Amino acid sequence: MGILSSSSSYTRFRLSGEMPDSYEALFRLQIGRNAFDHSEGASDKERISGWVDPARPFDDSLDMDSVFVGDYIVLSMRVDKRTVPPRLLKHHAMQEEARARAESGRERLSRRERLELKELVKSRLLLRALPTINTYDMVWDIHKETIYFSSTAEKIGDEFSGLFEETFGIPLSRRYTYDIFAEMFGGDPSALERIAPALLA
């Protein structure tokens, strides 16, 4: 579920760098440069990602007026992933090797030639494969320097952090439950060790 839905799980991030002055004009430009490239819809890349409008993830353009909402920046990271089943790849690669051997008049191909043919076949099959599409919402509270991201998966979080830093030029750090509770006690982690259970009834 996306973070903008009624129920969701999310990871909290904090900025690990400084916000630039007059950031909005710069961010609008950088978001546009890192928007999801719909022209790669028939790509031979296994994985492509970029920013989209959370309400319209399939649109070719981003409406910046819906991205900048008061003190917030609202975006979704779209990730398209293509895969080729191993057995299908092996079958087509063997056919291509047989054709190459017949054309060259050789009984065997070198290991390098077989690997190159396999990559060529994989690229062709990826062009024909339909992608698996996922979107992950981001809400950035600018003044609190806090980002809420609608995935708790470590790998997806790392990909998001990379895209965020590439776009905005600011690294992120994850905020775990322990960090959040420590902040509630004035940033003193040892205060958590002094918490004792209480009988509420």
# chains A, B, ... in the order shown; residues from 1 in each chain; ligands from 1
$ select_by_dssp --residues "region 44-163 of chain A" --states "strand (DSSP E)" --output "NGL selection string"
:A and (47-52 or 68-69 or 72-81 or 132-141 or 146-149)
$ write_last_selection --atoms "N, CA and C atoms" --output "compact mmCIF listing (two decimals), in the first residue's frame"
# COMPACT_ATOMS: atom_id res chain seq x y z
N ARG A 47 16.26 -3.22 -15.21
CA ARG A 47 15.64 -2.43 -14.15
C ARG A 47 15.82 -0.95 -14.46
N ILE A 48 14.73 -0.19 -14.46
CA ILE A 48 14.79 1.25 -14.62
C ILE A 48 13.90 1.89 -13.56
N SER A 49 14.30 3.08 -13.10
CA SER A 49 13.54 3.75 -12.05
C SER A 49 13.58 5.26 -12.25
N GLY A 50 12.65 5.96 -11.62
CA GLY A 50 12.59 7.42 -11.71
C GLY A 50 11.34 7.92 -11.01
N TRP A 51 11.21 9.25 -10.96
CA TRP A 51 10.09 9.87 -10.25
C TRP A 51 8.84 9.95 -11.12
N VAL A 52 7.69 9.73 -10.49
CA VAL A 52 6.40 9.90 -11.16
C VAL A 52 5.44 10.58 -10.18
N PHE A 68 4.96 19.97 -5.30
CA PHE A 68 5.23 20.89 -4.20
C PHE A 68 3.89 21.29 -3.57
N VAL A 69 3.63 20.72 -2.40
CA VAL A 69 2.34 20.94 -1.73
C VAL A 69 2.62 21.58 -0.37
N TYR A 72 5.57 20.48 1.82
CA TYR A 72 5.88 19.09 1.51
C TYR A 72 6.25 18.94 0.03
N ILE A 73 7.07 17.91 -0.24
CA ILE A 73 7.32 17.44 -1.60
C ILE A 73 6.78 16.02 -1.66
N VAL A 74 5.90 15.77 -2.62
CA VAL A 74 5.22 14.49 -2.73
C VAL A 74 5.55 13.87 -4.10
N LEU A 75 6.17 12.69 -4.07
CA LEU A 75 6.56 12.01 -5.29
C LEU A 75 6.41 10.49 -5.10
N SER A 76 6.48 9.77 -6.21
CA SER A 76 6.59 8.32 -6.15
C SER A 76 7.80 7.88 -6.97
N MET A 77 8.50 6.90 -6.46
CA MET A 77 9.56 6.26 -7.23
C MET A 77 8.95 5.07 -7.96
N ARG A 78 9.01 5.12 -9.29
CA ARG A 78 8.51 3.99 -10.08
C ARG A 78 9.70 3.12 -10.47
N VAL A 79 9.52 1.81 -10.31
CA VAL A 79 10.55 0.84 -10.67
C VAL A 79 9.96 -0.19 -11.62
N ASP A 80 10.52 -0.28 -12.81
CA ASP A 80 10.12 -1.29 -13.78
C ASP A 80 11.21 -2.35 -13.85
N LYS A 81 10.83 -3.60 -13.70
CA LYS A 81 11.79 -4.70 -13.73
C LYS A 81 11.39 -5.73 -14.77
N THR A 132 7.48 -5.79 -14.76
CA THR A 132 6.73 -5.74 -13.51
C THR A 132 6.89 -4.32 -12.97
N ILE A 133 5.77 -3.65 -12.70
CA ILE A 133 5.80 -2.23 -12.33
C ILE A 133 5.42 -2.08 -10.86
N ASN A 134 6.26 -1.36 -10.11
CA ASN A 134 5.97 -1.04 -8.72
C ASN A 134 6.21 0.45 -8.48
N THR A 135 5.40 1.04 -7.63
CA THR A 135 5.61 2.44 -7.24
C THR A 135 5.67 2.52 -5.72
N TYR A 136 6.51 3.44 -5.25
CA TYR A 136 6.72 3.65 -3.82
C TYR A 136 6.61 5.14 -3.53
N ASP A 137 5.69 5.51 -2.65
CA ASP A 137 5.42 6.92 -2.38
C ASP A 137 6.46 7.53 -1.44
N MET A 138 6.70 8.81 -1.65
CA MET A 138 7.58 9.58 -0.76
C MET A 138 6.88 10.87 -0.38
N VAL A 139 6.86 11.18 0.92
CA VAL A 139 6.39 12.47 1.41
C VAL A 139 7.53 13.10 2.20
N TRP A 140 7.97 14.26 1.78
CA TRP A 140 9.10 14.95 2.39
C TRP A 140 8.59 16.18 3.12
N ASP A 141 8.69 16.15 4.45
CA ASP A 141 8.38 17.31 5.28
C ASP A 141 9.63 18.19 5.29
N THR A 146 12.37 15.59 7.31
CA THR A 146 12.01 14.19 7.49
C THR A 146 11.31 13.68 6.23
N ILE A 147 11.68 12.49 5.83
CA ILE A 147 11.11 11.87 4.63
C ILE A 147 10.44 10.56 5.03
N TYR A 148 9.21 10.36 4.57
CA TYR A 148 8.48 9.13 4.79
C TYR A 148 8.39 8.38 3.46
N PHE A 149 8.84 7.13 3.46
CA PHE A 149 8.93 6.34 2.23
C PHE A 149 8.17 5.04 2.41
$ residues_around --residues "region 160-174 of chain A" --least-positions-apart "4" --cutoff "8 Å" --atoms "only C-alpha atoms" --output "ChimeraX atom specification"
/A:11-19,27,30-31,33-34,50,77,156
$ closest_residue --among "A:Glu103, A:Asp53, A:Asp63, A:Glu97" --to "Leu115 (chain A)" --atoms "only C-alpha atoms"
A:Glu97
$ select_by_dssp --residues "chain A" --states "helix (DSSP H, G or I)" --output "PyMOL selection string"
chain A and resi 23-33+38-42+64-67+86-104+111-128+154-168+177-184+189-194
$ write_last_selection --atoms "C-alpha atoms" --output "JSON list (two decimals), in the first residue's frame"
[["chain", "number", "residue", "atom", "x", "y", "z"],
["A", 23, "TYR", "CA", 15.77, 25.21, -3.28],
["A", 24, "GLU", "CA", 12.44, 25.07, -5.12],
["A", 25, "ALA", "CA", 13.66, 26.21, -8.55],
["A", 26, "LEU", "CA", 16.66, 23.87, -8.33],
["A", 27, "PHE", "CA", 14.58, 20.93, -7.16],
["A", 28, "ARG", "CA", 12.00, 21.41, -9.90],
["A", 29, "LEU", "CA", 14.80, 21.18, -12.47],
["A", 30, "GLN", "CA", 16.43, 18.15, -10.86],
["A", 31, "ILE", "CA", 13.16, 16.26, -10.40],
["A", 32, "GLY", "CA", 12.45, 16.75, -14.10],
["A", 33, "ARG", "CA", 15.89, 15.40, -15.00],
["A", 38, "HIS", "CA", 8.72, 6.49, -20.39],
["A", 39, "SER", "CA", 10.63, 6.36, -23.67],
["A", 40, "GLU", "CA", 12.48, 3.36, -22.22],
["A", 41, "GLY", "CA", 9.24, 1.40, -22.17],
["A", 42, "ALA", "CA", 10.71, -1.02, -24.72],
["A", 64, "MET", "CA", 5.27, 20.23, -10.46],
["A", 65, "ASP", "CA", 2.34, 22.04, -8.87],
["A", 66, "SER", "CA", 1.17, 18.69, -7.47],
["A", 67, "VAL", "CA", 4.70, 17.79, -6.37],
["A", 86, "PRO", "CA", 16.49, -18.99, -17.37],
["A", 87, "ARG", "CA", 15.21, -21.96, -19.39],
["A", 88, "LEU", "CA", 13.94, -19.67, -22.15],
["A", 89, "LEU", "CA", 17.27, -17.82, -22.24],
["A", 90, "LYS", "CA", 19.20, -21.11, -22.40],
["A", 91, "HIS", "CA", 17.03, -22.43, -25.23],
["A", 92, "HIS", "CA", 17.43, -19.31, -27.40],
["A", 93, "ALA", "CA", 21.15, -19.05, -26.60],
["A", 94, "MET", "CA", 21.70, -22.66, -27.76],
["A", 95, "GLN", "CA", 19.87, -21.90, -30.99],
["A", 96, "GLU", "CA", 22.03, -18.82, -31.56],
["A", 97, "GLU", "CA", 25.22, -20.80, -30.83],
["A", 98, "ALA", "CA", 24.17, -23.48, -33.34],
["A", 99, "ARG", "CA", 23.57, -20.82, -35.98],
["A", 100, "ALA", "CA", 26.95, -19.20, -35.27],
["A", 101, "ARG", "CA", 28.76, -22.55, -35.52],
["A", 102, "ALA", "CA", 27.06, -23.35, -38.83],
["A", 103, "GLU", "CA", 27.98, -19.93, -40.28],
["A", 104, "SER", "CA", 31.60, -20.15, -39.14],
["A", 111, "ARG", "CA", 33.80, -19.18, -23.99],
["A", 112, "ARG", "CA", 33.92, -15.47, -24.75],
["A", 113, "GLU", "CA", 31.86, -15.92, -27.92],
["A", 114, "ARG", "CA", 29.24, -17.96, -26.06],
["A", 115, "LEU", "CA", 28.95, -15.31, -23.34],
["A", 116, "GLU", "CA", 28.61, -12.53, -25.93],
["A", 117, "LEU", "CA", 25.90, -14.46, -27.77],
["A", 118, "LYS", "CA", 24.07, -15.10, -24.51],
["A", 119, "GLU", "CA", 24.07, -11.38, -23.65],
["A", 120, "LEU", "CA", 22.85, -10.53, -27.16],
["A", 121, "VAL", "CA", 20.00, -13.03, -26.86],
["A", 122, "LYS", "CA", 19.13, -11.73, -23.39],
["A", 123, "SER", "CA", 18.91, -8.16, -24.68],
["A", 124, "ARG", "CA", 16.58, -9.24, -27.50],
["A", 125, "LEU", "CA", 14.31, -11.13, -25.12],
["A", 126, "LEU", "CA", 14.23, -8.24, -22.62],
["A", 127, "LEU", "CA", 12.96, -5.97, -25.40],
["A", 128, "ARG", "CA", 9.96, -8.28, -25.76],
["A", 154, "GLU", "CA", 16.21, -2.67, 2.75],
["A", 155, "LYS", "CA", 17.07, -3.05, -0.95],
["A", 156, "ILE", "CA", 14.26, -0.76, -2.11],
["A", 157, "GLY", "CA", 15.23, 1.77, 0.57],
["A", 158, "ASP", "CA", 18.80, 1.77, -0.71],
["A", 159, "GLU", "CA", 17.60, 2.33, -4.29],
["A", 160, "PHE", "CA", 15.39, 5.18, -3.08],
["A", 161, "SER", "CA", 18.26, 6.77, -1.14],
["A", 162, "GLY", "CA", 20.42, 6.63, -4.25],
["A", 163, "LEU", "CA", 17.77, 8.24, -6.46],
["A", 164, "PHE", "CA", 17.06, 10.87, -3.79],
["A", 165, "GLU", "CA", 20.72, 11.86, -3.45],
["A", 166, "GLU", "CA", 21.20, 11.89, -7.23],
["A", 167, "THR", "CA", 18.16, 14.17, -7.58],
["A", 168, "PHE", "CA", 18.51, 16.53, -4.64],
["A", 177, "THR", "CA", 12.55, 3.14, 16.13],
["A", 178, "TYR", "CA", 15.41, 3.35, 18.62],
["A", 179, "ASP", "CA", 16.56, 6.68, 17.12],
["A", 180, "ILE", "CA", 13.05, 8.12, 17.22],
["A", 181, "PHE", "CA", 12.53, 7.22, 20.87],
["A", 182, "ALA", "CA", 15.97, 8.57, 21.76],
["A", 183, "GLU", "CA", 14.99, 11.91, 20.20],
["A", 184, "MET", "CA", 11.92, 12.00, 22.45],
["A", 189, "PRO", "CA", 20.08, 7.05, 24.04],
["A", 190, "SER", "CA", 20.89, 5.96, 27.60],
["A", 191, "ALA", "CA", 17.50, 7.34, 28.73],
["A", 192, "LEU", "CA", 15.83, 4.36, 27.06],
["A", 193, "GLU", "CA", 17.66, 2.01, 29.41],
["A", 194, "ARG", "CA", 16.08, 3.74, 32.38]]
$ atom_distance --atom1 "CA of Arg56 (chain A)" --atom2 "CA of Asp37 (chain A)"
14.1 Å
$ decode --residues "region 85-183 of chain A" --atoms "C-alpha atoms" --output "PDB file, in the first residue's frame"
ATOM      1  CA  PRO A  85      13.173 -17.056 -17.549  1.00  0.00           C
ATOM      2  CA  PRO A  86      16.486 -18.991 -17.369  1.00  0.00           C
ATOM      3  CA  ARG A  87      15.207 -21.960 -19.393  1.00  0.00           C
ATOM      4  CA  LEU A  88      13.942 -19.670 -22.152  1.00  0.00           C
ATOM      5  CA  LEU A  89      17.271 -17.824 -22.239  1.00  0.00           C
ATOM      6  CA  LYS A  90      19.196 -21.107 -22.396  1.00  0.00           C
ATOM      7  CA  HIS A  91      17.027 -22.430 -25.234  1.00  0.00           C
ATOM      8  CA  HIS A  92      17.435 -19.314 -27.402  1.00  0.00           C
ATOM      9  CA  ALA A  93      21.148 -19.055 -26.599  1.00  0.00           C
ATOM     10  CA  MET A  94      21.697 -22.656 -27.756  1.00  0.00           C
ATOM     11  CA  GLN A  95      19.871 -21.902 -30.992  1.00  0.00           C
ATOM     12  CA  GLU A  96      22.034 -18.822 -31.564  1.00  0.00           C
ATOM     13  CA  GLU A  97      25.217 -20.800 -30.833  1.00  0.00           C
ATOM     14  CA  ALA A  98      24.174 -23.476 -33.337  1.00  0.00           C
ATOM     15  CA  ARG A  99      23.567 -20.818 -35.981  1.00  0.00           C
ATOM     16  CA  ALA A 100      26.952 -19.203 -35.274  1.00  0.00           C
ATOM     17  CA  ARG A 101      28.765 -22.555 -35.518  1.00  0.00           C
ATOM     18  CA  ALA A 102      27.057 -23.348 -38.825  1.00  0.00           C
ATOM     19  CA  GLU A 103      27.980 -19.933 -40.280  1.00  0.00           C
ATOM     20  CA  SER A 104      31.605 -20.150 -39.142  1.00  0.00           C
ATOM     21  CA  GLY A 105      32.077 -23.826 -40.018  1.00  0.00           C
ATOM     22  CA  ARG A 106      33.472 -24.523 -36.554  1.00  0.00           C
ATOM     23  CA  GLU A 107      32.483 -27.290 -34.172  1.00  0.00           C
ATOM     24  CA  ARG A 108      33.000 -25.193 -31.037  1.00  0.00           C
ATOM     25  CA  LEU A 109      32.794 -21.546 -30.013  1.00  0.00           C
ATOM     26  CA  SER A 110      35.092 -19.929 -27.490  1.00  0.00           C
ATOM     27  CA  ARG A 111      33.805 -19.182 -23.992  1.00  0.00           C
ATOM     28  CA  ARG A 112      33.922 -15.465 -24.755  1.00  0.00           C
ATOM     29  CA  GLU A 113      31.863 -15.917 -27.924  1.00  0.00           C
ATOM     30  CA  ARG A 114      29.245 -17.962 -26.063  1.00  0.00           C
ATOM     31  CA  LEU A 115      28.950 -15.311 -23.340  1.00  0.00           C
ATOM     32  CA  GLU A 116      28.614 -12.529 -25.925  1.00  0.00           C
ATOM     33  CA  LEU A 117      25.902 -14.461 -27.772  1.00  0.00           C
ATOM     34  CA  LYS A 118      24.074 -15.101 -24.506  1.00  0.00           C
ATOM     35  CA  GLU A 119      24.074 -11.383 -23.651  1.00  0.00           C
ATOM     36  CA  LEU A 120      22.847 -10.527 -27.160  1.00  0.00           C
ATOM     37  CA  VAL A 121      20.002 -13.029 -26.864  1.00  0.00           C
ATOM     38  CA  LYS A 122      19.131 -11.735 -23.394  1.00  0.00           C
ATOM     39  CA  SER A 123      18.908  -8.162 -24.684  1.00  0.00           C
ATOM     40  CA  ARG A 124      16.585  -9.236 -27.496  1.00  0.00           C
ATOM     41  CA  LEU A 125      14.310 -11.132 -25.123  1.00  0.00           C
ATOM     42  CA  LEU A 126      14.232  -8.244 -22.622  1.00  0.00           C
ATOM     43  CA  LEU A 127      12.963  -5.967 -25.395  1.00  0.00           C
ATOM     44  CA  ARG A 128       9.961  -8.284 -25.755  1.00  0.00           C
ATOM     45  CA  ALA A 129       9.355  -8.824 -22.036  1.00  0.00           C
ATOM     46  CA  LEU A 130       6.605  -6.986 -20.191  1.00  0.00           C
ATOM     47  CA  PRO A 131       7.878  -5.235 -17.062  1.00  0.00           C
ATOM     48  CA  THR A 132       6.732  -5.735 -13.506  1.00  0.00           C
ATOM     49  CA  ILE A 133       5.799  -2.235 -12.329  1.00  0.00           C
ATOM     50  CA  ASN A 134       5.972  -1.040  -8.722  1.00  0.00           C
ATOM     51  CA  THR A 135       5.607   2.435  -7.240  1.00  0.00           C
ATOM     52  CA  TYR A 136       6.723   3.646  -3.816  1.00  0.00           C
ATOM     53  CA  ASP A 137       5.422   6.920  -2.384  1.00  0.00           C
ATOM     54  CA  MET A 138       7.579   9.583  -0.763  1.00  0.00           C
ATOM     55  CA  VAL A 139       6.387  12.473   1.410  1.00  0.00           C
ATOM     56  CA  TRP A 140       9.100  14.952   2.390  1.00  0.00           C
ATOM     57  CA  ASP A 141       8.383  17.308   5.279  1.00  0.00           C
ATOM     58  CA  ILE A 142      10.801  20.038   4.264  1.00  0.00           C
ATOM     59  CA  HIS A 143      10.902  22.031   7.481  1.00  0.00           C
ATOM     60  CA  LYS A 144      11.297  18.968   9.699  1.00  0.00           C
ATOM     61  CA  GLU A 145      13.844  17.515   7.219  1.00  0.00           C
ATOM     62  CA  THR A 146      12.006  14.192   7.491  1.00  0.00           C
ATOM     63  CA  ILE A 147      11.109  11.870   4.633  1.00  0.00           C
ATOM     64  CA  TYR A 148       8.479   9.131   4.794  1.00  0.00           C
ATOM     65  CA  PHE A 149       8.932   6.342   2.229  1.00  0.00           C
ATOM     66  CA  SER A 150       6.334   3.628   1.635  1.00  0.00           C
ATOM     67  CA  SER A 151       8.561   0.570   1.835  1.00  0.00           C
ATOM     68  CA  THR A 152      10.378  -1.163   4.658  1.00  0.00           C
ATOM     69  CA  ALA A 153      12.491  -3.359   2.339  1.00  0.00           C
ATOM     70  CA  GLU A 154      16.208  -2.665   2.750  1.00  0.00           C
ATOM     71  CA  LYS A 155      17.072  -3.049  -0.947  1.00  0.00           C
ATOM     72  CA  ILE A 156      14.258  -0.760  -2.112  1.00  0.00           C
ATOM     73  CA  GLY A 157      15.228   1.766   0.567  1.00  0.00           C
ATOM     74  CA  ASP A 158      18.805   1.773  -0.714  1.00  0.00           C
ATOM     75  CA  GLU A 159      17.601   2.327  -4.286  1.00  0.00           C
ATOM     76  CA  PHE A 160      15.386   5.175  -3.079  1.00  0.00           C
ATOM     77  CA  SER A 161      18.261   6.767  -1.137  1.00  0.00           C
ATOM     78  CA  GLY A 162      20.422   6.635  -4.249  1.00  0.00           C
ATOM     79  CA  LEU A 163      17.770   8.243  -6.459  1.00  0.00           C
ATOM     80  CA  PHE A 164      17.057  10.873  -3.788  1.00  0.00           C
ATOM     81  CA  GLU A 165      20.718  11.864  -3.451  1.00  0.00           C
ATOM     82  CA  GLU A 166      21.196  11.886  -7.232  1.00  0.00           C
ATOM     83  CA  THR A 167      18.162  14.169  -7.582  1.00  0.00           C
ATOM     84  CA  PHE A 168      18.507  16.529  -4.636  1.00  0.00           C
ATOM     85  CA  GLY A 169      22.232  16.289  -3.893  1.00  0.00           C
ATOM     86  CA  ILE A 170      21.540  15.463  -0.224  1.00  0.00           C
ATOM     87  CA  PRO A 171      22.355  12.089   1.379  1.00  0.00           C
ATOM     88  CA  LEU A 172      19.828  10.380   3.637  1.00  0.00           C
ATOM     89  CA  SER A 173      20.042   8.371   6.832  1.00  0.00           C
ATOM     90  CA  ARG A 174      17.449   5.874   8.029  1.00  0.00           C
ATOM     91  CA  ARG A 175      15.659   6.623  11.278  1.00  0.00           C
ATOM     92  CA  TYR A 176      15.012   3.466  13.253  1.00  0.00           C
ATOM     93  CA  THR A 177      12.554   3.138  16.132  1.00  0.00           C
ATOM     94  CA  TYR A 178      15.414   3.353  18.618  1.00  0.00           C
ATOM     95  CA  ASP A 179      16.559   6.679  17.124  1.00  0.00           C
ATOM     96  CA  ILE A 180      13.052   8.123  17.222  1.00  0.00           C
ATOM     97  CA  PHE A 181      12.529   7.218  20.872  1.00  0.00           C
ATOM     98  CA  ALA A 182      15.970   8.575  21.757  1.00  0.00           C
ATOM     99  CA  GLU A 183      14.986  11.915  20.202  1.00  0.00           C
TER     100      GLU A 183
END
